[in-house]
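Novice: Structure file upload.json (JSON, C-alpha atoms and all ligand atoms) is given on the next line.
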[["chain", "number", "residue", "atom", "x", "y", "z"],
["A", 1172, "MET", "CA", 109.31, 83.74, 14.67],
["A", 1173, "LYS", "CA", 110.21, 80.19, 15.66],
["A", 1174, "LYS", "CA", 107.87, 78.36, 18.03],
["A", 1175, "VAL", "CA", 110.17, 75.51, 19.00],
["A", 1176, "LEU", "CA", 113.80, 75.40, 20.04],
["A", 1177, "SER", "CA", 115.13, 71.87, 19.77],
["A", 1178, "PHE", "CA", 118.50, 70.73, 21.05],
["A", 1179, "ASP", "CA", 120.88, 67.85, 20.76],
["A", 1180, "ILE", "CA", 122.26, 67.25, 24.30],
["A", 1181, "ASP", "CA", 125.84, 65.92, 24.31],
["A", 1182, "GLN", "CA", 128.27, 68.70, 23.41],
["A", 1183, "THR", "CA", 125.36, 71.03, 22.59],
["A", 1184, "LEU", "CA", 123.86, 71.65, 26.04],
["A", 1185, "ASN", "CA", 126.57, 70.10, 28.19],
["A", 1186, "VAL", "CA", 129.99, 68.55, 28.35],
["A", 1187, "ALA", "CA", 129.09, 65.08, 27.03],
["A", 1188, "LYS", "CA", 127.21, 62.94, 29.59],
["A", 1189, "THR", "CA", 127.31, 65.53, 32.38],
["A", 1190, "PRO", "CA", 124.56, 67.75, 33.84],
["A", 1191, "ILE", "CA", 124.01, 71.01, 31.95],
["A", 1192, "PRO", "CA", 125.90, 74.01, 33.38],
["A", 1193, "ASP", "CA", 124.05, 76.66, 35.47],
["A", 1194, "GLU", "CA", 124.04, 79.14, 32.64],
["A", 1195, "ILE", "CA", 122.36, 76.73, 30.21],
["A", 1196, "ALA", "CA", 119.80, 75.76, 32.89],
["A", 1197, "GLU", "CA", 118.94, 79.44, 33.43],
["A", 1198, "LEU", "CA", 118.73, 80.20, 29.72],
["A", 1199, "LEU", "CA", 116.54, 77.17, 28.98],
["A", 1200, "THR", "CA", 114.23, 78.07, 31.87],
["A", 1201, "LYS", "CA", 113.83, 81.59, 30.44],
["A", 1202, "CYS", "CA", 113.22, 80.13, 26.98],
["A", 1203, "LEU", "CA", 110.26, 78.13, 28.39],
["A", 1204, "ASN", "CA", 108.37, 81.43, 28.64],
["A", 1205, "HIS", "CA", 108.61, 81.99, 24.89],
["A", 1206, "PHE", "CA", 109.15, 78.64, 23.14],
["A", 1207, "GLU", "CA", 108.43, 74.94, 23.32],
["A", 1208, "ILE", "CA", 111.79, 73.43, 24.32],
["A", 1209, "CYS", "CA", 112.62, 70.00, 22.91],
["A", 1210, "PRO", "CA", 115.87, 68.26, 23.79],
["A", 1211, "ILE", "CA", 116.39, 65.18, 21.60],
["A", 1212, "SER", "CA", 119.22, 62.74, 22.16],
["A", 1213, "GLY", "CA", 120.14, 59.08, 22.11],
["A", 1214, "GLN", "CA", 120.21, 58.95, 25.90],
["A", 1215, "LYS", "CA", 117.76, 57.30, 28.26],
["A", 1216, "PHE", "CA", 114.96, 59.04, 30.17],
["A", 1217, "ASP", "CA", 116.78, 58.95, 33.52],
["A", 1218, "GLN", "CA", 119.70, 60.81, 31.96],
["A", 1219, "PHE", "CA", 117.33, 63.50, 30.66],
["A", 1220, "LEU", "CA", 116.18, 63.98, 34.26],
["A", 1221, "ILE", "CA", 119.69, 64.00, 35.72],
["A", 1222, "GLN", "CA", 121.30, 66.14, 33.04],
["A", 1223, "ILE", "CA", 118.52, 68.60, 32.24],
["A", 1224, "VAL", "CA", 115.33, 68.57, 34.32],
["A", 1225, "ASP", "CA", 116.99, 68.33, 37.75],
["A", 1226, "ARG", "CA", 119.21, 71.26, 36.79],
["A", 1227, "MET", "CA", 116.24, 73.49, 35.91],
["A", 1228, "LYS", "CA", 115.27, 73.85, 39.57],
["A", 1229, "ASP", "CA", 113.71, 77.29, 39.15],
["A", 1230, "ALA", "CA", 111.24, 76.19, 36.48],
["A", 1231, "THR", "CA", 107.61, 76.18, 37.69],
["A", 1232, "PRO", "CA", 105.33, 73.21, 36.93],
["A", 1233, "GLU", "CA", 103.53, 75.47, 34.43],
["A", 1234, "GLN", "CA", 106.83, 76.20, 32.67],
["A", 1235, "LEU", "CA", 107.70, 72.50, 32.58],
["A", 1236, "THR", "CA", 104.63, 71.87, 30.42],
["A", 1237, "HIS", "CA", 106.64, 73.59, 27.65],
["A", 1238, "LEU", "CA", 109.56, 71.17, 28.03],
["A", 1239, "HIS", "CA", 109.29, 68.09, 25.81],
["A", 1240, "LEU", "CA", 111.72, 65.21, 26.22],
["A", 1241, "PHE", "CA", 112.50, 63.28, 23.05],
["A", 1242, "VAL", "CA", 114.37, 60.33, 24.53],
["A", 1243, "ALA", "CA", 116.43, 57.75, 22.57],
["A", 1244, "GLN", "CA", 116.43, 59.92, 19.42],
["A", 1245, "GLY", "CA", 112.75, 60.65, 19.87],
["A", 1246, "THR", "CA", 111.63, 57.03, 19.76],
["A", 1247, "GLN", "CA", 110.26, 57.78, 23.23],
["A", 1248, "TYR", "CA", 108.45, 61.01, 24.12],
["A", 1249, "TYR", "CA", 107.79, 62.32, 27.65],
["A", 1250, "ARG", "CA", 105.89, 65.40, 28.70],
["A", 1251, "TYR", "CA", 105.03, 66.98, 32.04],
["A", 1252, "ASN", "CA", 101.62, 66.22, 33.48],
["A", 1253, "LEU", "CA", 100.49, 69.24, 35.45],
["A", 1254, "LYS", "CA", 97.84, 67.34, 37.45],
["A", 1255, "LYS", "CA", 100.13, 64.51, 38.48],
["A", 1256, "LYS", "CA", 103.12, 66.85, 38.81],
["A", 1257, "ASP", "CA", 105.18, 64.20, 37.10],
["A", 1258, "TRP", "CA", 106.55, 63.14, 33.72],
["A", 1259, "GLU", "CA", 104.46, 60.82, 31.60],
["A", 1260, "GLN", "CA", 105.40, 58.75, 28.59],
["A", 1261, "VAL", "CA", 103.36, 59.65, 25.53],
["A", 1262, "TYR", "CA", 104.76, 56.97, 23.20],
["A", 1263, "ASN", "CA", 107.54, 54.39, 22.92],
["A", 1264, "TYR", "CA", 108.87, 52.44, 19.93],
["A", 1265, "PRO", "CA", 111.34, 49.85, 21.30],
["A", 1266, "LEU", "CA", 113.61, 47.48, 19.37],
["A", 1267, "THR", "CA", 112.75, 43.77, 19.53],
["A", 1268, "GLU", "CA", 114.87, 41.43, 21.68],
["A", 1269, "ALA", "CA", 116.20, 39.74, 18.55],
["A", 1270, "GLN", "CA", 117.29, 43.08, 17.08],
["A", 1271, "VAL", "CA", 119.06, 44.07, 20.31],
["A", 1272, "LYS", "CA", 120.88, 40.72, 20.38],
["A", 1273, "LYS", "CA", 122.00, 40.96, 16.76],
["A", 1274, "ILE", "CA", 123.25, 44.55, 17.11],
["A", 1275, "THR", "CA", 125.08, 43.77, 20.36],
["A", 1276, "GLU", "CA", 126.87, 40.80, 18.78],
["A", 1277, "THR", "CA", 127.73, 42.81, 15.67],
["A", 1278, "ILE", "CA", 129.30, 45.76, 17.46],
["A", 1279, "GLU", "CA", 131.22, 43.55, 19.87],
["A", 1280, "LYS", "CA", 132.63, 41.49, 17.01],
["A", 1281, "ALA", "CA", 133.60, 44.58, 14.98],
["A", 1282, "ALA", "CA", 135.25, 46.33, 17.94],
["A", 1283, "LYS", "CA", 137.14, 43.18, 18.96],
["A", 1284, "GLU", "CA", 138.41, 42.55, 15.43],
["A", 1285, "LEU", "CA", 139.72, 46.10, 15.22],
["A", 1286, "GLY", "CA", 141.31, 46.04, 18.67],
["A", 1287, "TYR", "CA", 138.94, 48.69, 20.06],
["A", 1288, "TRP", "CA", 137.20, 46.51, 22.65],
["A", 1289, "GLU", "CA", 138.53, 48.20, 25.82],
["A", 1290, "GLU", "CA", 136.94, 45.98, 28.45],
["A", 1291, "ASP", "CA", 140.02, 46.29, 30.69],
["A", 1292, "LYS", "CA", 139.44, 50.08, 30.97],
["A", 1293, "LEU", "CA", 135.87, 49.80, 32.31],
["A", 1294, "LYS", "CA", 134.96, 50.94, 35.81],
["A", 1295, "PRO", "CA", 133.26, 48.28, 38.01],
["A", 1296, "GLY", "CA", 129.65, 47.66, 37.02],
["A", 1297, "ASP", "CA", 130.01, 49.62, 33.80],
["A", 1298, "GLU", "CA", 129.29, 48.29, 30.32],
["A", 1299, "ILE", "CA", 130.41, 49.04, 26.78],
["A", 1300, "ILE", "CA", 127.17, 48.17, 25.04],
["A", 1301, "GLU", "CA", 123.92, 49.39, 26.51],
["A", 1302, "ASN", "CA", 120.37, 48.55, 25.48],
["A", 1303, "ARG", "CA", 118.53, 51.87, 25.43],
["A", 1304, "LEU", "CA", 115.29, 50.19, 24.31],
["A", 1305, "SER", "CA", 114.88, 52.11, 21.06],
["A", 1306, "GLN", "CA", 118.56, 51.89, 20.20],
["A", 1307, "VAL", "CA", 121.70, 50.06, 21.22],
["A", 1308, "THR", "CA", 124.64, 52.24, 22.15],
["A", 1309, "PHE", "CA", 128.33, 51.43, 22.09],
["A", 1310, "SER", "CA", 130.39, 53.60, 24.46],
["A", 1311, "ALA", "CA", 134.02, 52.64, 23.95],
["A", 1312, "LEU", "CA", 135.11, 53.34, 27.52],
["A", 1313, "GLY", "CA", 131.75, 52.72, 29.20],
["A", 1314, "GLN", "CA", 129.32, 55.24, 30.69],
["A", 1315, "LYS", "CA", 131.38, 56.09, 33.75],
["A", 1316, "ALA", "CA", 134.72, 56.96, 32.15],
["A", 1317, "GLY", "CA", 136.19, 60.40, 32.80],
["A", 1318, "THR", "CA", 135.48, 63.21, 30.35],
["A", 1319, "GLU", "CA", 139.13, 63.83, 29.43],
["A", 1320, "GLU", "CA", 139.71, 60.16, 28.85],
["A", 1321, "LYS", "CA", 136.68, 60.07, 26.56],
["A", 1322, "TYR", "CA", 137.71, 63.15, 24.59],
["A", 1323, "ALA", "CA", 141.14, 61.64, 24.02],
["A", 1324, "TRP", "CA", 139.87, 58.29, 22.80],
["A", 1325, "ASP", "CA", 138.68, 59.20, 19.30],
["A", 1326, "PRO", "CA", 138.90, 62.96, 18.68],
["A", 1327, "ASP", "CA", 138.99, 62.59, 14.87],
["A", 1328, "HIS", "CA", 136.24, 59.87, 14.81],
["A", 1329, "GLU", "CA", 138.62, 57.55, 12.94],
["A", 1330, "LYS", "CA", 138.24, 54.59, 15.30],
["A", 1331, "ARG", "CA", 134.46, 54.82, 15.22],
["A", 1332, "LYS", "CA", 134.37, 55.21, 11.44],
["A", 1333, "LYS", "CA", 136.25, 51.91, 11.18],
["A", 1334, "ILE", "CA", 133.93, 50.17, 13.63],
["A", 1335, "VAL", "CA", 130.89, 51.50, 11.77],
["A", 1336, "ALA", "CA", 132.29, 50.35, 8.42],
["A", 1337, "ARG", "CA", 132.80, 46.82, 9.79],
["A", 1338, "CYS", "CA", 129.36, 46.75, 11.44],
["A", 1339, "LYS", "CA", 127.78, 47.70, 8.12],
["A", 1340, "GLU", "CA", 129.49, 44.69, 6.51],
["A", 1341, "LEU", "CA", 128.39, 42.35, 9.28],
["A", 1342, "SER", "CA", 124.79, 43.55, 9.73],
["A", 1343, "PRO", "CA", 123.78, 45.98, 6.99],
["A", 1344, "GLU", "CA", 120.14, 45.90, 8.06],
["A", 1345, "PHE", "CA", 120.88, 48.39, 10.85],
["A", 1346, "GLU", "CA", 122.10, 51.98, 10.81],
["A", 1347, "TYR", "CA", 125.11, 53.12, 12.86],
["A", 1348, "GLU", "CA", 125.67, 56.71, 13.86],
["A", 1349, "ILE", "CA", 128.61, 58.37, 15.54],
["A", 1350, "GLY", "CA", 127.64, 60.55, 18.52],
["A", 1351, "GLY", "CA", 129.02, 62.03, 21.74],
["A", 1352, "THR", "CA", 132.75, 61.45, 22.28],
["A", 1353, "THR", "CA", 133.09, 57.64, 22.25],
["A", 1354, "SER", "CA", 129.66, 56.46, 21.13],
["A", 1355, "ILE", "CA", 128.05, 54.70, 18.24],
["A", 1356, "ASN", "CA", 124.27, 54.40, 18.20],
["A", 1357, "ALA", "CA", 122.75, 51.47, 16.34],
["A", 1358, "ILE", "CA", 119.16, 51.74, 15.23],
["A", 1359, "THR", "CA", 116.78, 50.27, 12.73],
["A", 1360, "PRO", "CA", 116.67, 52.35, 9.53],
["A", 1361, "GLY", "CA", 114.76, 55.55, 9.97],
["A", 1362, "MET", "CA", 114.88, 55.37, 13.79],
["A", 1363, "ASN", "CA", 117.20, 58.37, 13.90],
["A", 1364, "LYS", "CA", 116.50, 61.99, 14.74],
["A", 1365, "VAL", "CA", 114.24, 62.22, 11.67],
["A", 1366, "PHE", "CA", 111.89, 59.83, 13.43],
["A", 1367, "GLY", "CA", 111.99, 62.02, 16.55],
["A", 1368, "MET", "CA", 111.58, 65.27, 14.67],
["A", 1369, "THR", "CA", 108.72, 63.88, 12.58],
["A", 1370, "HIS", "CA", 106.88, 62.88, 15.75],
["A", 1371, "LEU", "CA", 107.74, 66.21, 17.33],
["A", 1372, "LEU", "CA", 106.00, 67.97, 14.42],
["A", 1373, "GLU", "CA", 102.97, 65.76, 14.92],
["A", 1374, "GLU", "CA", 102.80, 65.92, 18.73],
["A", 1375, "LEU", "CA", 103.26, 69.69, 18.90],
["A", 1376, "ASN", "CA", 101.15, 70.26, 15.78],
["A", 1377, "ILE", "CA", 103.70, 72.50, 14.10],
["A", 1378, "LYS", "CA", 105.53, 72.82, 10.77],
["A", 1379, "LYS", "CA", 109.25, 72.28, 10.31],
["A", 1380, "GLU", "CA", 109.67, 75.99, 9.60],
["A", 1381, "ASP", "CA", 108.61, 76.57, 13.23],
["A", 1382, "ILE", "CA", 111.70, 74.79, 14.59],
["A", 1383, "LEU", "CA", 115.22, 76.02, 15.24],
["A", 1384, "TYR", "CA", 117.56, 73.12, 16.00],
["A", 1385, "PHE", "CA", 120.96, 73.22, 17.74],
["A", 1386, "GLY", "CA", 123.52, 70.42, 17.33],
["A", 1387, "ASP", "CA", 127.25, 69.74, 17.23],
["A", 1388, "MET", "CA", 127.23, 66.72, 14.87],
["A", 1389, "THR", "CA", 125.60, 68.29, 11.84],
["A", 1390, "MET", "CA", 128.20, 67.03, 9.34],
["A", 1391, "PRO", "CA", 127.35, 64.03, 7.08],
["A", 1392, "GLY", "CA", 127.52, 60.86, 9.21],
["A", 1393, "GLY", "CA", 126.89, 62.77, 12.44],
["A", 1394, "ASN", "CA", 123.80, 62.08, 14.51],
["A", 1395, "ASP", "CA", 122.41, 65.59, 13.95],
["A", 1396, "TYR", "CA", 122.81, 65.42, 10.17],
["A", 1397, "PRO", "CA", 119.39, 63.80, 9.53],
["A", 1398, "VAL", "CA", 117.79, 66.93, 11.01],
["A", 1399, "VAL", "CA", 119.71, 69.12, 8.53],
["A", 1400, "GLN", "CA", 118.64, 66.84, 5.69],
["A", 1401, "MET", "CA", 114.99, 67.26, 6.71],
["A", 1402, "GLY", "CA", 115.35, 70.95, 5.92],
["A", 1403, "ILE", "CA", 115.00, 72.15, 9.52],
["A", 1404, "ASP", "CA", 116.85, 75.39, 10.32],
["A", 1405, "THR", "CA", 119.94, 74.34, 12.23],
["A", 1406, "ILE", "CA", 122.63, 76.10, 14.20],
["A", 1407, "THR", "CA", 125.89, 74.16, 14.41],
["A", 1408, "VAL", "CA", 127.64, 74.62, 17.74],
["A", 1409, "ARG", "CA", 131.04, 73.45, 18.95],
["A", 1410, "SER", "CA", 130.03, 73.34, 22.60],
["A", 1411, "HIS", "CA", 127.44, 74.52, 25.13],
["A", 1412, "GLU", "CA", 129.27, 77.87, 25.17],
["A", 1413, "ASP", "CA", 128.20, 78.48, 21.56],
["A", 1414, "THR", "CA", 124.65, 77.44, 22.44],
["A", 1415, "ALA", "CA", 124.59, 79.82, 25.42],
["A", 1416, "PHE", "CA", 125.85, 82.61, 23.18],
["A", 1417, "ALA", "CA", 123.07, 82.00, 20.64],
["A", 1418, "LEU", "CA", 120.38, 81.73, 23.34],
["A", 1419, "ARG", "CA", 121.48, 85.00, 24.94],
["A", 1420, "GLY", "CA", 121.12, 86.59, 21.51],
["A", 1421, "ILE", "CA", 117.65, 85.12, 20.96],
["A", 1422, "LEU", "CA", 116.39, 86.10, 24.44],
["A", 1423, "GLY", "CA", 117.99, 89.53, 24.10],
["A", 1424, "VAL", "CA", 115.78, 90.57, 21.20],
["A", 1425, "LEU", "CA", 112.47, 89.25, 22.59],
["B", 1501, "MG", "MG", 126.01, 65.92, 20.23]]
Starting from the coordinates I provided, produce the structure as structure tokens.
Specialist:
Amino acid sequence: MKKVLSFDIDQTLNVAKTPIPDEIAELLTKCLNHFEICPISGQKFDQFLIQIVDRMKDATPEQLTHLHLFVAQGTQYYRYNLKKKDWEQVYNYPLTEAQVKKITETIEKAAKELGYWEEDKLKPGDEIIENRLSQVTFSALGQKAGTEEKYAWDPDHEKRKKIVARCKELSPEFEYEIGGTTSINAITPGMNKVFGMTHLLEELNIKKEDILYFGDMTMPGGNDYPVVQMGIDTITVRSHEDTAFALRGILGVL
């Protein structure tokens, strides 16, 4: 019997960058009674609150102590403090300012050279490259672009593969992963989901056999692939509908 259910977020629990649907919120809340629940994604803490926690309105404070937020690929970890009735940061491993600067310049140069720097398509106040503290994220159309527009931008990953290839030439000291629908995450080597999962094992005092992981990017080069390589049992999903289907099955036999 698994002790921990761990989830990628974008395309696994939601439609990329949007709050999780009601059904997923209900299923995750039920799962809190039986498992430790660990979402892990490249996004920032505030997005974990907006997309997941705020949607799990029916969860009691006691239940929330079984929800573990592995933010920015698990380079930051937050858990619920029952006394304070609030989330607290357990650890944080940020990039240095110099690393952020170098990555930002690299991605911008690569995207511009290839003609994929779509500044003219940004909504006001939006940005293509975002410093997420433990990683730098390129979102081709910004954070605020519409879902359909994002899906249409690079459905076969070809644009992002080219950007990644050029970035690797320019600054090979960093790693670049394709995620979400328009994103590339740049990290220092090893600061991928393996880092998060390794800390998850430590923080929750469990073995990797205790984890069942759900992700949509489990193919080589995808941001869930490092989890597969670690030897963690993984379910590949195409969307949150697949995840809901699997969770209904798991809860149905408990
Ligand atoms: Mg994903």
Novice: Env of Glu1284 (chain A): 10 Å cut, atoms = only C-alpha atoms, seq-sep filter 5 positions within chain, self excluded. Answer as a PyMOL selection string.
Specialist: chain A and resi 1278-1279+1334+1337
Novice: Report as a Markdown table the residues of chain A within 8 Å of ligand MG 1501 (chain B), each with its shortest atom pair and distance in Å (one decimal), using all atoms listed in the file, ordered by chain and increasing residue number.
Specialist:
| residue | atom | partner | partner_atom | distance |
| --- | --- | --- | --- | --- |
| A:Asp1179 | CA | B:MG1501 | MG | 5.5 |
| A:Ile1180 | CA | B:MG1501 | MG | 5.7 |
| A:Asp1181 | CA | B:MG1501 | MG | 4.1 |
| A:Gln1182 | CA | B:MG1501 | MG | 4.8 |
| A:Thr1183 | CA | B:MG1501 | MG | 5.7 |
| A:Ala1187 | CA | B:MG1501 | MG | 7.5 |
| A:Ser1212 | CA | B:MG1501 | MG | 7.7 |
| A:Gly1350 | CA | B:MG1501 | MG | 5.9 |
| A:Gly1351 | CA | B:MG1501 | MG | 5.1 |
| A:Gly1386 | CA | B:MG1501 | MG | 5.9 |
| A:Asp1387 | CA | B:MG1501 | MG | 5.0 |
| A:Met1388 | CA | B:MG1501 | MG | 5.6 |
| A:Asn1394 | CA | B:MG1501 | MG | 7.2 |
| A:Asp1395 | CA | B:MG1501 | MG | 7.2 |
Novice: Can you list, as an MDAnalysis selection string, every protein, DNA or RNA residue that comes within 10 Å of Glu1298 (chain A) when you count all atoms listed in the file, leaving out same-chain residues fewer than 6 positions away?
Specialist: chainID A and resid 1290 1309:1315
Novice: Near region 1245-1255 of chain A, within 8 Å and counting all atoms listed in the file, which residues show up once chain neighbours fewer than 4 positions away are dropped, as a PyMOL selection string?
Specialist: chain A and resi 1211-1213+1232-1233+1235-1236+1238-1241+1259-1265+1305+1362-1364+1366-1368+1370-1371
Novice: How would you write as JSON, numbers by chain the residues that get within 6 Å of (111.8, 73.1, 10.4) in the file's frame, counting all atoms listed in the file?
Specialist: {"A": [1379, 1380, 1381, 1382, 1403, 1404]}
Novice: Report, in Å with one decimal, the straight-line distance from CA of His1328 (chain A) to CA of Leu1304 (chain A).
Specialist: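 Here the two named atoms are 25.0 Å from each other.
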Novice: From the set A:Cys1209, A:Leu1293, A:Leu1372, A:Val1224, which residue has the shortest atom-to-atom contact distance to Lys1321 (chain A), counting all atoms listed in the file?
Specialist: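 Of the candidates, the smallest distance to Lys1321 (chain A) is held by A:Leu1293.
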Novice: Of the candidates A:Ala1196, A:Cys1202, A:Ile1274, A:Ala1282, which one gets nearest to Lys1228 (chain A) if we count all atoms listed in the file?
Specialist: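 Ranked by minimum distance to Lys1228 (chain A), first place goes to A:Ala1196.
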Novice: Which is closest to Glu1194 (chain A) among A:Asn1302, A:Thr1407, A:Thr1267, A:Thr1414, if we use all atoms listed in the file?
Specialist: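 For Glu1194 (chain A), the nearest of the candidates is A:Thr1414.
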Novice: Need to verify the contact set: Ala1336 (chain A), 10 Å, all atoms listed in the file, exclusion of same-chain residues closer than 6 positions in sequence. Can you return it as a list in words?
Specialist: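 Here the answer would be Ala1281, Pro1343 and Tyr1347 of chain A.
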Novice: Interatomic distance between CA of Leu1199 (chain A) and CA of Ile1349 (chain A)?
Specialist: 26.1 Å
Novice: Measure the distance from CA of Phe1178 (chain A) to CA of Pro1210 (chain A) in Å and round it to one decimal.
Specialist: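 Between these atoms lies a distance of 4.5 Å.
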Novice: From the list A:Val1186, A:Leu1176, A:Leu1203, A:Val1271, which residue is nearest Thr1352 (chain A) when using all atoms listed in the file?
Specialist: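 Residue with the minimum atom-to-atom distance to Thr1352 (chain A): A:Val1186.
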Novice: Could you tell me which of A:Glu1348, A:Gln1306, A:Trp1258, A:Gln1244 comes closest to Gly1392 (chain A) if we count all atoms listed in the file?
Specialist: A:Glu1348
Novice: Have a look at A:Tyr1287, A:Phe1216, A:Phe1385, A:Tyr1396 and name the one nearest to Lys1330 (chain A); count all atoms listed in the file.
Specialist: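 Among the listed residues, A:Tyr1287 lies closest to Lys1330 (chain A).
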